[in-house]
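input-v1.cif (mmCIF, C-alpha atoms and all ligand atoms) appears below.
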data_upload
loop_
_atom_site.group_PDB
_atom_site.id
_atom_site.type_symbol
_atom_site.label_atom_id
_atom_site.label_comp_id
_atom_site.auth_asym_id
_atom_site.auth_seq_id
_atom_site.Cartn_x
_atom_site.Cartn_y
_atom_site.Cartn_z
ATOM 1 C CA MET A 1 30.566 95.077 166.174
ATOM 2 C CA ASP A 2 33.770 93.432 164.972
ATOM 3 C CA LEU A 3 34.143 94.253 161.282
ATOM 4 C CA ASP A 4 36.093 91.017 160.661
ATOM 5 C CA LEU A 5 38.723 92.943 158.742
ATOM 6 C CA CYS A 6 41.666 91.341 160.526
ATOM 7 C CA GLY A 7 44.010 89.829 157.927
ATOM 8 C CA LYS A 8 42.031 91.128 154.946
ATOM 9 C CA ARG A 9 44.324 92.416 152.184
ATOM 10 C CA ALA A 10 43.523 95.948 151.032
ATOM 11 C CA VAL A 11 44.817 98.179 148.254
ATOM 12 C CA ILE A 12 44.061 101.915 148.306
ATOM 13 C CA THR A 13 44.900 104.281 145.473
ATOM 14 C CA GLY A 14 45.852 107.801 146.522
ATOM 15 C CA GLY A 15 46.654 106.834 150.100
ATOM 16 C CA SER A 16 49.364 109.398 150.784
ATOM 17 C CA ARG A 17 47.006 112.068 152.131
ATOM 18 C CA GLY A 18 43.375 113.083 152.564
ATOM 19 C CA ILE A 19 40.525 110.584 152.445
ATOM 20 C CA GLY A 20 42.707 107.752 151.097
ATOM 21 C CA LYS A 21 45.165 108.088 153.977
ATOM 22 C CA SER A 22 42.302 108.105 156.503
ATOM 23 C CA ILE A 23 40.913 104.922 154.929
ATOM 24 C CA ALA A 24 44.384 103.333 155.151
ATOM 25 C CA ILE A 25 44.579 104.275 158.856
ATOM 26 C CA VAL A 26 41.125 102.904 159.698
ATOM 27 C CA LEU A 27 41.634 99.654 157.751
ATOM 28 C CA ALA A 28 45.092 99.141 159.317
ATOM 29 C CA SER A 29 43.631 99.859 162.783
ATOM 30 C CA GLU A 30 41.049 97.146 162.118
ATOM 31 C CA GLY A 31 43.861 94.666 161.424
ATOM 32 C CA ALA A 32 43.858 94.720 157.601
ATOM 33 C CA GLU A 33 47.102 94.493 155.638
ATOM 34 C CA VAL A 34 47.362 97.632 153.532
ATOM 35 C CA VAL A 35 49.124 98.793 150.363
ATOM 36 C CA ILE A 36 48.772 102.388 149.126
ATOM 37 C CA CYS A 37 49.924 104.237 146.041
ATOM 38 C CA GLY A 38 50.448 107.802 144.895
ATOM 39 C CA ARG A 39 52.734 109.624 142.486
ATOM 40 C CA ASN A 40 54.999 111.336 144.997
ATOM 41 C CA LYS A 41 57.557 109.138 146.784
ATOM 42 C CA ASP A 42 58.225 111.531 149.671
ATOM 43 C CA SER A 43 54.534 111.907 150.596
ATOM 44 C CA LEU A 44 54.094 108.128 150.381
ATOM 45 C CA GLU A 45 57.021 107.531 152.729
ATOM 46 C CA LYS A 46 55.683 110.119 155.165
ATOM 47 C CA ALA A 47 52.208 108.552 155.037
ATOM 48 C CA ALA A 48 53.626 105.070 155.688
ATOM 49 C CA ALA A 49 55.564 106.425 158.698
ATOM 50 C CA ASP A 50 52.457 108.245 160.031
ATOM 51 C CA ILE A 51 50.310 105.114 159.615
ATOM 52 C CA LEU A 52 52.899 102.966 161.430
ATOM 53 C CA LYS A 53 53.012 105.503 164.272
ATOM 54 C CA GLU A 54 49.227 105.732 164.539
ATOM 55 C CA THR A 55 48.269 102.079 164.100
ATOM 56 C CA GLY A 56 51.434 100.084 164.831
ATOM 57 C CA LYS A 57 51.007 98.472 161.406
ATOM 58 C CA SER A 58 53.601 98.544 158.710
ATOM 59 C CA ILE A 59 52.148 99.187 155.267
ATOM 60 C CA LEU A 60 53.616 99.069 151.760
ATOM 61 C CA ALA A 61 53.642 102.365 149.830
ATOM 62 C CA VAL A 62 54.251 102.139 146.080
ATOM 63 C CA VAL A 63 54.865 104.937 143.575
ATOM 64 C CA ALA A 64 52.266 104.541 140.811
ATOM 65 C CA ASP A 65 50.271 106.778 138.488
ATOM 66 C CA THR A 66 46.717 105.579 137.824
ATOM 67 C CA THR A 67 46.666 107.399 134.461
ATOM 68 C CA LYS A 68 49.296 104.954 133.171
ATOM 69 C CA THR A 69 48.187 101.390 132.455
ATOM 70 C CA ALA A 70 51.688 99.877 132.837
ATOM 71 C CA SER A 71 52.185 101.687 136.142
ATOM 72 C CA VAL A 72 48.825 100.389 137.449
ATOM 73 C CA GLU A 73 49.626 96.833 136.375
ATOM 74 C CA SER A 74 52.993 96.822 138.119
ATOM 75 C CA PHE A 75 51.472 98.439 141.241
ATOM 76 C CA ILE A 76 48.755 95.779 141.499
ATOM 77 C CA ALA A 77 51.277 92.988 140.797
ATOM 78 C CA ALA A 78 53.561 94.345 143.561
ATOM 79 C CA ALA A 79 50.612 94.683 145.963
ATOM 80 C CA ALA A 80 49.341 91.144 145.276
ATOM 81 C CA ASP A 81 52.860 89.766 145.646
ATOM 82 C CA HIS A 82 53.436 91.580 148.946
ATOM 83 C CA LEU A 83 50.022 90.686 150.400
ATOM 84 C CA GLY A 84 49.724 87.182 148.915
ATOM 85 C CA GLY A 85 46.505 88.227 147.126
ATOM 86 C CA ILE A 86 44.010 91.087 147.241
ATOM 87 C CA ASP A 87 40.591 91.128 148.943
ATOM 88 C CA ILE A 88 39.720 94.835 148.998
ATOM 89 C CA LEU A 89 40.248 97.627 146.486
ATOM 90 C CA VAL A 90 39.551 101.255 147.335
ATOM 91 C CA ASN A 91 39.664 103.445 144.233
ATOM 92 C CA ASN A 92 40.271 106.973 145.512
ATOM 93 C CA ALA A 93 43.099 108.685 143.589
ATOM 94 C CA ALA A 94 41.906 111.922 141.969
ATOM 95 C CA ALA A 95 41.967 115.684 142.365
ATOM 96 C CA PRO A 96 39.204 116.688 144.806
ATOM 97 C CA GLY A 97 36.610 118.915 143.130
ATOM 98 C CA GLY A 98 38.042 118.177 139.722
ATOM 99 C CA LEU A 99 39.940 120.388 137.328
ATOM 100 C CA VAL A 100 36.991 122.011 135.492
ATOM 101 C CA MET A 101 34.970 124.009 137.997
ATOM 102 C CA GLY A 102 34.149 127.252 136.189
ATOM 103 C CA PRO A 103 31.654 128.206 133.452
ATOM 104 C CA LEU A 104 31.733 126.760 129.926
ATOM 105 C CA ASN A 105 33.621 129.698 128.415
ATOM 106 C CA THR A 106 36.586 129.043 130.708
ATOM 107 C CA ALA A 107 36.357 125.217 130.630
ATOM 108 C CA ASN A 108 39.447 123.538 129.227
ATOM 109 C CA PRO A 109 38.744 120.272 127.326
ATOM 110 C CA ASP A 110 42.252 118.948 128.042
ATOM 111 C CA GLU A 111 41.726 119.435 131.785
ATOM 112 C CA LEU A 112 38.394 117.600 131.575
ATOM 113 C CA LEU A 113 40.111 114.752 129.726
ATOM 114 C CA ALA A 114 42.815 114.656 132.413
ATOM 115 C CA ASP A 115 40.118 114.516 135.100
ATOM 116 C CA ILE A 116 38.309 111.669 133.372
ATOM 117 C CA ASP A 117 41.569 109.865 132.651
ATOM 118 C CA THR A 118 42.435 109.924 136.359
ATOM 119 C CA LYS A 119 39.114 109.428 138.056
ATOM 120 C CA VAL A 120 37.041 107.391 135.582
ATOM 121 C CA VAL A 121 39.518 105.519 133.384
ATOM 122 C CA GLY A 122 42.018 105.389 136.276
ATOM 123 C CA TYR A 123 39.498 103.601 138.521
ATOM 124 C CA MET A 124 38.712 101.223 135.630
ATOM 125 C CA ARG A 125 42.434 100.502 135.056
ATOM 126 C CA VAL A 126 42.927 99.619 138.719
ATOM 127 C CA ALA A 127 39.715 97.566 138.981
ATOM 128 C CA LYS A 128 40.637 95.638 135.832
ATOM 129 C CA ALA A 129 44.124 94.821 137.160
ATOM 130 C CA ALA A 130 42.865 93.924 140.659
ATOM 131 C CA ALA A 131 39.682 91.968 139.809
ATOM 132 C CA PRO A 132 41.451 88.673 138.929
ATOM 133 C CA HIS A 133 43.056 88.680 142.406
ATOM 134 C CA LEU A 134 39.698 89.279 144.123
ATOM 135 C CA LYS A 135 38.108 86.521 142.014
ATOM 136 C CA ASN A 136 40.932 84.124 142.974
ATOM 137 C CA GLY A 137 39.990 84.508 146.611
ATOM 138 C CA GLY A 138 36.277 83.999 145.837
ATOM 139 C CA TRP A 139 35.445 87.052 147.955
ATOM 140 C CA GLY A 140 36.054 90.748 147.598
ATOM 141 C CA ARG A 141 35.034 94.335 147.968
ATOM 142 C CA ILE A 142 35.548 97.257 145.598
ATOM 143 C CA ILE A 143 34.814 100.723 146.938
ATOM 144 C CA ASN A 144 34.903 103.641 144.561
ATOM 145 C CA ILE A 145 35.233 107.094 146.101
ATOM 146 C CA GLY A 146 33.007 109.373 144.013
ATOM 147 C CA GLY A 147 31.694 112.732 145.191
ATOM 148 C CA LEU A 148 28.397 114.477 145.827
ATOM 149 C CA ALA A 149 28.834 116.550 142.666
ATOM 150 C CA ALA A 150 27.187 113.446 141.139
ATOM 151 C CA ARG A 151 23.899 114.604 142.679
ATOM 152 C CA SER A 152 23.866 118.309 141.947
ATOM 153 C CA ALA A 153 24.798 120.413 138.956
ATOM 154 C CA GLY A 154 27.377 123.156 139.311
ATOM 155 C CA ALA A 155 30.767 121.977 138.092
ATOM 156 C CA ILE A 156 31.462 120.329 134.738
ATOM 157 C CA SER A 157 33.940 117.938 136.414
ATOM 158 C CA GLY A 158 31.008 116.526 138.420
ATOM 159 C CA MET A 159 30.225 114.294 135.431
ATOM 160 C CA ARG A 160 33.101 111.998 136.462
ATOM 161 C CA ASN A 161 31.197 110.997 139.604
ATOM 162 C CA VAL A 162 28.056 110.187 137.592
ATOM 163 C CA ALA A 163 30.153 107.995 135.291
ATOM 164 C CA LEU A 164 31.591 106.208 138.325
ATOM 165 C CA THR A 165 28.141 105.510 139.735
ATOM 166 C CA HIS A 166 27.285 103.753 136.472
ATOM 167 C CA PHE A 167 30.605 101.897 136.536
ATOM 168 C CA THR A 168 29.917 100.789 140.120
ATOM 169 C CA LYS A 169 26.558 99.177 139.325
ATOM 170 C CA THR A 170 27.934 97.635 136.137
ATOM 171 C CA LEU A 171 30.806 96.009 138.068
ATOM 172 C CA SER A 172 28.398 94.911 140.798
ATOM 173 C CA ASN A 173 26.302 93.072 138.184
ATOM 174 C CA GLU A 174 29.379 91.416 136.731
ATOM 175 C CA LEU A 175 31.294 90.540 139.895
ATOM 176 C CA GLY A 176 28.496 89.937 142.401
ATOM 177 C CA PRO A 177 28.064 86.263 141.428
ATOM 178 C CA GLN A 178 31.751 85.787 142.297
ATOM 179 C CA GLY A 179 31.414 87.103 145.823
ATOM 180 C CA ILE A 180 32.603 90.623 145.058
ATOM 181 C CA ASN A 181 30.478 93.559 146.219
ATOM 182 C CA VAL A 182 31.021 96.934 144.571
ATOM 183 C CA ASN A 183 29.786 100.239 146.015
ATOM 184 C CA ILE A 184 30.475 103.934 145.613
ATOM 185 C CA ILE A 185 30.797 106.451 148.434
ATOM 186 C CA HIS A 186 29.972 110.067 147.648
ATOM 187 C CA PRO A 187 31.790 112.363 150.082
ATOM 188 C CA GLY A 188 30.635 115.966 150.302
ATOM 189 C CA ALA A 189 32.985 118.735 151.425
ATOM 190 C CA THR A 190 35.439 116.782 153.576
ATOM 191 C CA ARG A 191 38.154 118.133 155.851
ATOM 192 C CA THR A 192 41.642 117.070 154.732
ATOM 193 C CA GLU A 193 45.119 118.639 154.918
ATOM 194 C CA ARG A 194 43.987 121.057 152.168
ATOM 195 C CA THR A 195 41.096 122.550 154.123
ATOM 196 C CA ALA A 196 42.880 124.889 156.577
ATOM 197 C CA PRO A 197 45.114 126.625 153.996
ATOM 198 C CA MET A 198 42.135 126.871 151.601
ATOM 199 C CA ASN A 199 39.938 128.470 154.279
ATOM 200 C CA GLN A 200 42.733 130.847 155.262
ATOM 201 C CA ALA A 201 43.166 131.950 151.635
ATOM 202 C CA GLN A 202 39.412 132.484 151.240
ATOM 203 C CA ALA A 203 39.203 134.434 154.502
ATOM 204 C CA LYS A 204 41.975 136.725 153.301
ATOM 205 C CA GLU A 205 40.337 137.188 149.886
ATOM 206 C CA ARG A 206 36.908 138.000 151.376
ATOM 207 C CA ASN A 207 38.333 139.970 154.290
ATOM 208 C CA VAL A 208 36.465 137.845 156.841
ATOM 209 C CA SER A 209 37.606 135.464 159.592
ATOM 210 C CA VAL A 210 38.442 131.797 159.005
ATOM 211 C CA LYS A 211 35.487 130.950 161.278
ATOM 212 C CA ASP A 212 33.177 132.971 158.963
ATOM 213 C CA VAL A 213 34.410 130.931 155.982
ATOM 214 C CA GLU A 214 33.899 127.667 157.871
ATOM 215 C CA ASP A 215 30.405 128.720 159.092
ATOM 216 C CA ALA A 216 29.371 129.639 155.528
ATOM 217 C CA ALA A 217 30.615 126.267 154.246
ATOM 218 C CA SER A 218 28.669 124.459 156.994
ATOM 219 C CA ALA A 219 25.385 126.347 156.606
ATOM 220 C CA GLY A 220 23.838 124.019 154.008
ATOM 221 C CA ILE A 221 24.958 120.832 155.774
ATOM 222 C CA ASP A 222 22.393 119.166 158.068
ATOM 223 C CA ILE A 223 25.010 118.411 160.744
ATOM 224 C CA ARG A 224 26.244 122.032 160.428
ATOM 225 C CA ARG A 225 29.878 121.153 160.041
ATOM 226 C CA ILE A 226 32.302 119.851 157.472
ATOM 227 C CA VAL A 227 32.675 116.067 157.547
ATOM 228 C CA GLU A 228 36.080 114.777 158.715
ATOM 229 C CA SER A 229 37.980 112.430 156.372
ATOM 230 C CA GLU A 230 37.956 109.803 159.141
ATOM 231 C CA GLU A 231 34.139 109.746 159.006
ATOM 232 C CA VAL A 232 34.258 108.840 155.307
ATOM 233 C CA ALA A 233 36.828 106.177 156.211
ATOM 234 C CA PHE A 234 34.467 104.603 158.781
ATOM 235 C CA LEU A 235 31.876 104.049 156.034
ATOM 236 C CA ALA A 236 34.570 102.695 153.704
ATOM 237 C CA ALA A 237 35.692 100.251 156.415
ATOM 238 C CA PHE A 238 32.137 98.963 156.866
ATOM 239 C CA LEU A 239 31.678 98.535 153.103
ATOM 240 C CA ALA A 240 35.084 96.820 152.906
ATOM 241 C CA SER A 241 34.070 94.341 155.581
ATOM 242 C CA PRO A 242 32.221 91.020 155.386
ATOM 243 C CA LYS A 243 29.440 92.718 157.391
ATOM 244 C CA SER A 244 28.333 94.655 154.274
ATOM 245 C CA SER A 245 27.365 91.404 152.535
ATOM 246 C CA ALA A 246 23.872 92.564 151.486
ATOM 247 C CA ILE A 247 24.997 95.886 150.013
ATOM 248 C CA THR A 248 26.256 96.097 146.438
ATOM 249 C CA GLY A 249 25.803 98.351 143.438
ATOM 250 C CA GLU A 250 24.849 101.200 145.779
ATOM 251 C CA ALA A 251 25.803 104.860 145.941
ATOM 252 C CA ILE A 252 26.029 106.038 149.554
ATOM 253 C CA ALA A 253 26.701 109.634 150.569
ATOM 254 C CA ALA A 254 28.904 110.644 153.486
ATOM 255 C CA GLY A 255 28.192 114.352 153.237
ATOM 256 C CA GLY A 256 26.553 115.115 156.586
ATOM 257 C CA GLY A 257 23.152 115.513 154.899
ATOM 258 C CA VAL A 258 24.144 118.387 152.611
ATOM 259 C CA GLY A 259 21.310 119.795 150.493
ATOM 260 C CA SER A 260 17.617 118.990 150.515
ATOM 261 C CA ALA A 261 17.224 116.622 147.561
ATOM 262 C CA VAL A 262 15.443 113.345 148.343
ATOM 263 C CA PHE A 263 16.968 110.100 147.028
ATOM 264 C CA GLN A 264 14.727 107.043 146.957
HETATM 265 N N1 LIG B 1 38.039 116.236 149.969
HETATM 266 C C1 LIG B 1 36.810 116.448 149.557
HETATM 267 O O1 LIG B 1 36.123 117.397 149.999
HETATM 268 C C2 LIG B 1 36.172 115.499 148.560
HETATM 269 C C3 LIG B 1 34.796 115.663 148.264
HETATM 270 C C4 LIG B 1 34.204 114.783 147.369
HETATM 271 C C5 LIG B 1 34.963 113.782 146.755
HETATM 272 N N2 LIG B 1 36.294 113.668 147.053
HETATM 273 C C6 LIG B 1 37.042 112.599 146.375
HETATM 274 O O2 LIG B 1 37.795 111.854 147.310
HETATM 275 C C7 LIG B 1 39.011 111.391 146.715
HETATM 276 C C8 LIG B 1 40.188 111.840 147.565
HETATM 277 O O3 LIG B 1 40.145 113.250 147.699
HETATM 278 P P1 LIG B 1 41.089 113.997 148.743
HETATM 279 O O4 LIG B 1 40.422 115.264 149.091
HETATM 280 O O5 LIG B 1 41.523 113.062 149.797
HETATM 281 O O6 LIG B 1 42.326 114.331 147.758
HETATM 282 P P2 LIG B 1 43.865 114.669 148.078
HETATM 283 O O7 LIG B 1 44.039 115.059 149.499
HETATM 284 O O8 LIG B 1 44.326 115.579 147.015
HETATM 285 O O9 LIG B 1 44.568 113.234 147.896
HETATM 286 C C9 LIG B 1 44.566 112.636 146.633
HETATM 287 C C10 LIG B 1 45.435 111.405 146.683
HETATM 288 O O10 LIG B 1 45.441 110.796 145.390
HETATM 289 C C11 LIG B 1 46.795 110.721 144.889
HETATM 290 N N3 LIG B 1 46.714 110.837 143.429
HETATM 291 C C12 LIG B 1 46.168 111.841 142.695
HETATM 292 N N4 LIG B 1 46.285 111.584 141.389
HETATM 293 C C13 LIG B 1 46.881 110.368 141.279
HETATM 294 C C14 LIG B 1 47.272 109.542 140.192
HETATM 295 N N5 LIG B 1 47.075 109.915 138.912
HETATM 296 N N6 LIG B 1 47.866 108.365 140.461
HETATM 297 C C15 LIG B 1 48.078 107.958 141.741
HETATM 298 N N7 LIG B 1 47.742 108.704 142.818
HETATM 299 C C16 LIG B 1 47.159 109.898 142.580
HETATM 300 C C17 LIG B 1 47.523 111.839 145.616
HETATM 301 O O11 LIG B 1 48.926 111.641 145.705
HETATM 302 P P3 LIG B 1 49.932 112.272 144.577
HETATM 303 O O12 LIG B 1 49.448 113.657 144.275
HETATM 304 O O13 LIG B 1 51.283 112.204 145.202
HETATM 305 O O14 LIG B 1 49.804 111.365 143.396
HETATM 306 C C18 LIG B 1 46.890 111.710 147.001
HETATM 307 O O15 LIG B 1 47.452 110.616 147.710
HETATM 308 C C19 LIG B 1 39.034 111.940 145.294
HETATM 309 O O16 LIG B 1 38.526 110.961 144.428
HETATM 310 C C20 LIG B 1 38.083 113.129 145.380
HETATM 311 O O17 LIG B 1 37.498 113.469 144.149
HETATM 312 C C21 LIG B 1 36.925 114.498 147.923
#
Is it possible to give me this structure as structure tokens?
Amino acid sequence: MDLDLCGKRAVITGGSRGIGKSIAIVLASEGAEVVICGRNKDSLEKAAADILKETGKSILAVVADTTKTASVESFIAAAADHLGGIDILVNNAAAPGGLVMGPLNTANPDELLADIDTKVVGYMRVAKAAAPHLKNGGWGRIINIGGLAARSAGAISGMRNVALTHFTKTLSNELGPQGINVNIIHPGATRTERTAPMNQAQAKERNVSVKDVEDAASAGIDIRRIVESEEVAFLAAFLASPKSSAITGEAIAAGGGVGSAVFQ
């Protein structure tokens, strides 16, 4: 199936590593024109070079912080100027897992606010700046990268993903009549550049092998392995494409079937 992404103009927040970078690679491979952002210039430049090497496509990488409204506005203006408009927005920039993971007595309200400022208000800032460009084209896709913590209790920071699910459906209601579909992807534990060093540290701490750590992490996942960031990117590419025309306002997991809860 051709995803018809050739020439589509895509903006991805947090594209310098991890899931965002994988989405940039898959969209560029499918012929989309891509702009990414992140806060660190060196990682952005490295990501742009990696993406060029892997896909043959030159992308624009812009330093921007999604917690700052002025920074978001100038990032989106630069992206729209470079691309000649925007068709696709992937909201992804945030700290994986969140900043407040422990019990209530250790939870820091300022860290929770920082989490929400980045992942919830940050996604809103970027969507608000980008939406007029999508409307101008009369067609668009917004994909919010949430997280499966939305579907199970355990970490206070998980509330940000629930908020984003609400935001997704609300935007779908508002923008659907203008040809813009809005969906949220919930990744589960996903392999990125962080995974190997994290597993090595855990293996050392527990005095077990790295394979033991990986096996334990995979035990509750139906496919019995951690999902690769590229697999999340494949779903994002489908949702970003014209082929996803009937799907909007939905929350779709890419967690390899983790857990046993049933969602209707
Ligand atoms: N990996 C997982 O297992 C997993 C599971 C569920 C959900 N998720 C979600 O997937 C998304 C990506 O996670 P990941 O694991 O790929 O994270 P990651 O490897 O840490 O990458 C995060 C990206 O976002 C950028 N970023 C962070 N804060 C930013 C800000 N304020 N402004 C602009 N850019 C910012 C980072 O660059 P700079 O630091 O240079 O700014 C980087 O490019 C997040 O929303 C995360 O919650 C991940």
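Closest approach to Lys41 of chain A among A:Ser244, A:Ser16, A:Ser71, A:Asn144 is made by A:Ser16 (distances from all atoms listed in the file).
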Write out as a PyMOL selection string each polymer residue (protein, DNA or RNA) that has an atom no more than 7 Å from ligand LIG 1 (chain B), with all atoms listed in the file counted.
chain A and resi 13-20+37-40+43+64-67+92-98+118-119+145-148+186-194
Excluding Ala217 of chain A and its own-chain neighbours fewer than 6 positions away, which residues fall within 10 Å of it when counting all atoms listed in the file? Please give them as a list of chain:residue names.
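Those residues are A:Ala189, A:Asn199, A:Lys211, A:Arg224, A:Arg225, A:Ile226.
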Near Gln200 of chain A, counting all atoms listed in the file, which residues have an atom at most 12 Å away, once you skip same-chain residues fewer than 6 positions from it, shown as a ChimeraX atom specification?
/A:194,206-214
Looking at all atoms listed in the file, which of A:Gly122, A:Gly84, A:Pro132, A:Gly154 is the one that sits closest to Val100 of chain A?
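For Val100 of chain A, the nearest of the given residues is A:Gly154.
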Show me, as a JSON list (two decimals) with C-alpha atoms, in the coordinates of the input, the residues that have an atom within 8 Å of Leu5 of chain A when counting all atoms listed in the file, minus same-chain residues fewer than 4 positions from it.
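And here is the file that came out, result-v5.json:
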[["chain", "number", "residue", "atom", "x", "y", "z"],
["A", 27, "LEU", "CA", 41.63, 99.65, 157.75],
["A", 30, "GLU", "CA", 41.05, 97.15, 162.12],
["A", 31, "GLY", "CA", 43.86, 94.67, 161.42],
["A", 32, "ALA", "CA", 43.86, 94.72, 157.60],
["A", 240, "ALA", "CA", 35.08, 96.82, 152.91],
["A", 241, "SER", "CA", 34.07, 94.34, 155.58],
["A", 242, "PRO", "CA", 32.22, 91.02, 155.39]]
List, as a PDB file with C-alpha atoms, in the coordinates of the input, every residue that the PyMOL selection byres (((chain A and resi 172) around 7) and not hetatm) selects in the file provided.
ATOM      1  CA  THR A 168      29.917 100.789 140.120  1.00  0.00           C
ATOM      2  CA  LYS A 169      26.558  99.177 139.325  1.00  0.00           C
ATOM      3  CA  THR A 170      27.934  97.635 136.137  1.00  0.00           C
ATOM      4  CA  LEU A 171      30.806  96.009 138.068  1.00  0.00           C
ATOM      5  CA  ASN A 173      26.302  93.072 138.184  1.00  0.00           C
ATOM      6  CA  GLU A 174      29.379  91.416 136.731  1.00  0.00           C
ATOM      7  CA  LEU A 175      31.294  90.540 139.895  1.00  0.00           C
ATOM      8  CA  GLY A 176      28.496  89.937 142.401  1.00  0.00           C
ATOM      9  CA  ASN A 181      30.478  93.559 146.219  1.00  0.00           C
ATOM     10  CA  VAL A 182      31.021  96.934 144.571  1.00  0.00           C
ATOM     11  CA  THR A 248      26.256  96.097 146.438  1.00  0.00           C
ATOM     12  CA  GLY A 249      25.803  98.351 143.438  1.00  0.00           C
TER      13      GLY A 249
END
Find the distance between atom CA of Asn183 of chain A and atom CA of Ala163 of chain A and write it in Å to one decimal.
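One can read the atom CA of Asn183 of chain A to atom CA of Ala163 of chain A distance as 13.2 Å.
Our summary of the geometry notes that atom CA of Ser152 of chain A is positioned 28.6 Å from atom CA of Ala24 of chain A.
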Expand the PyMOL selection byres (((chain A and resi 51-53) around 10) and not hetatm) into the individual residues it matches in the shown file, reporting them as a list in words.
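Given this file, the PyMOL selection byres (((chain A and resi 51-53) around 10) and not hetatm) evaluates to Ser16, Lys21, Ser22, Ala24, Ile25, Val26, Ala28, Ser29, Glu45, Lys46, Ala47, Ala48, Ala49, Asp50, Glu54, Thr55, Gly56, Lys57, Ser58 and Ile59 of chain A.
What separates atom CA of Ile86 of chain A from atom CA of Ala253 of chain A is a distance of 25.6 Å.
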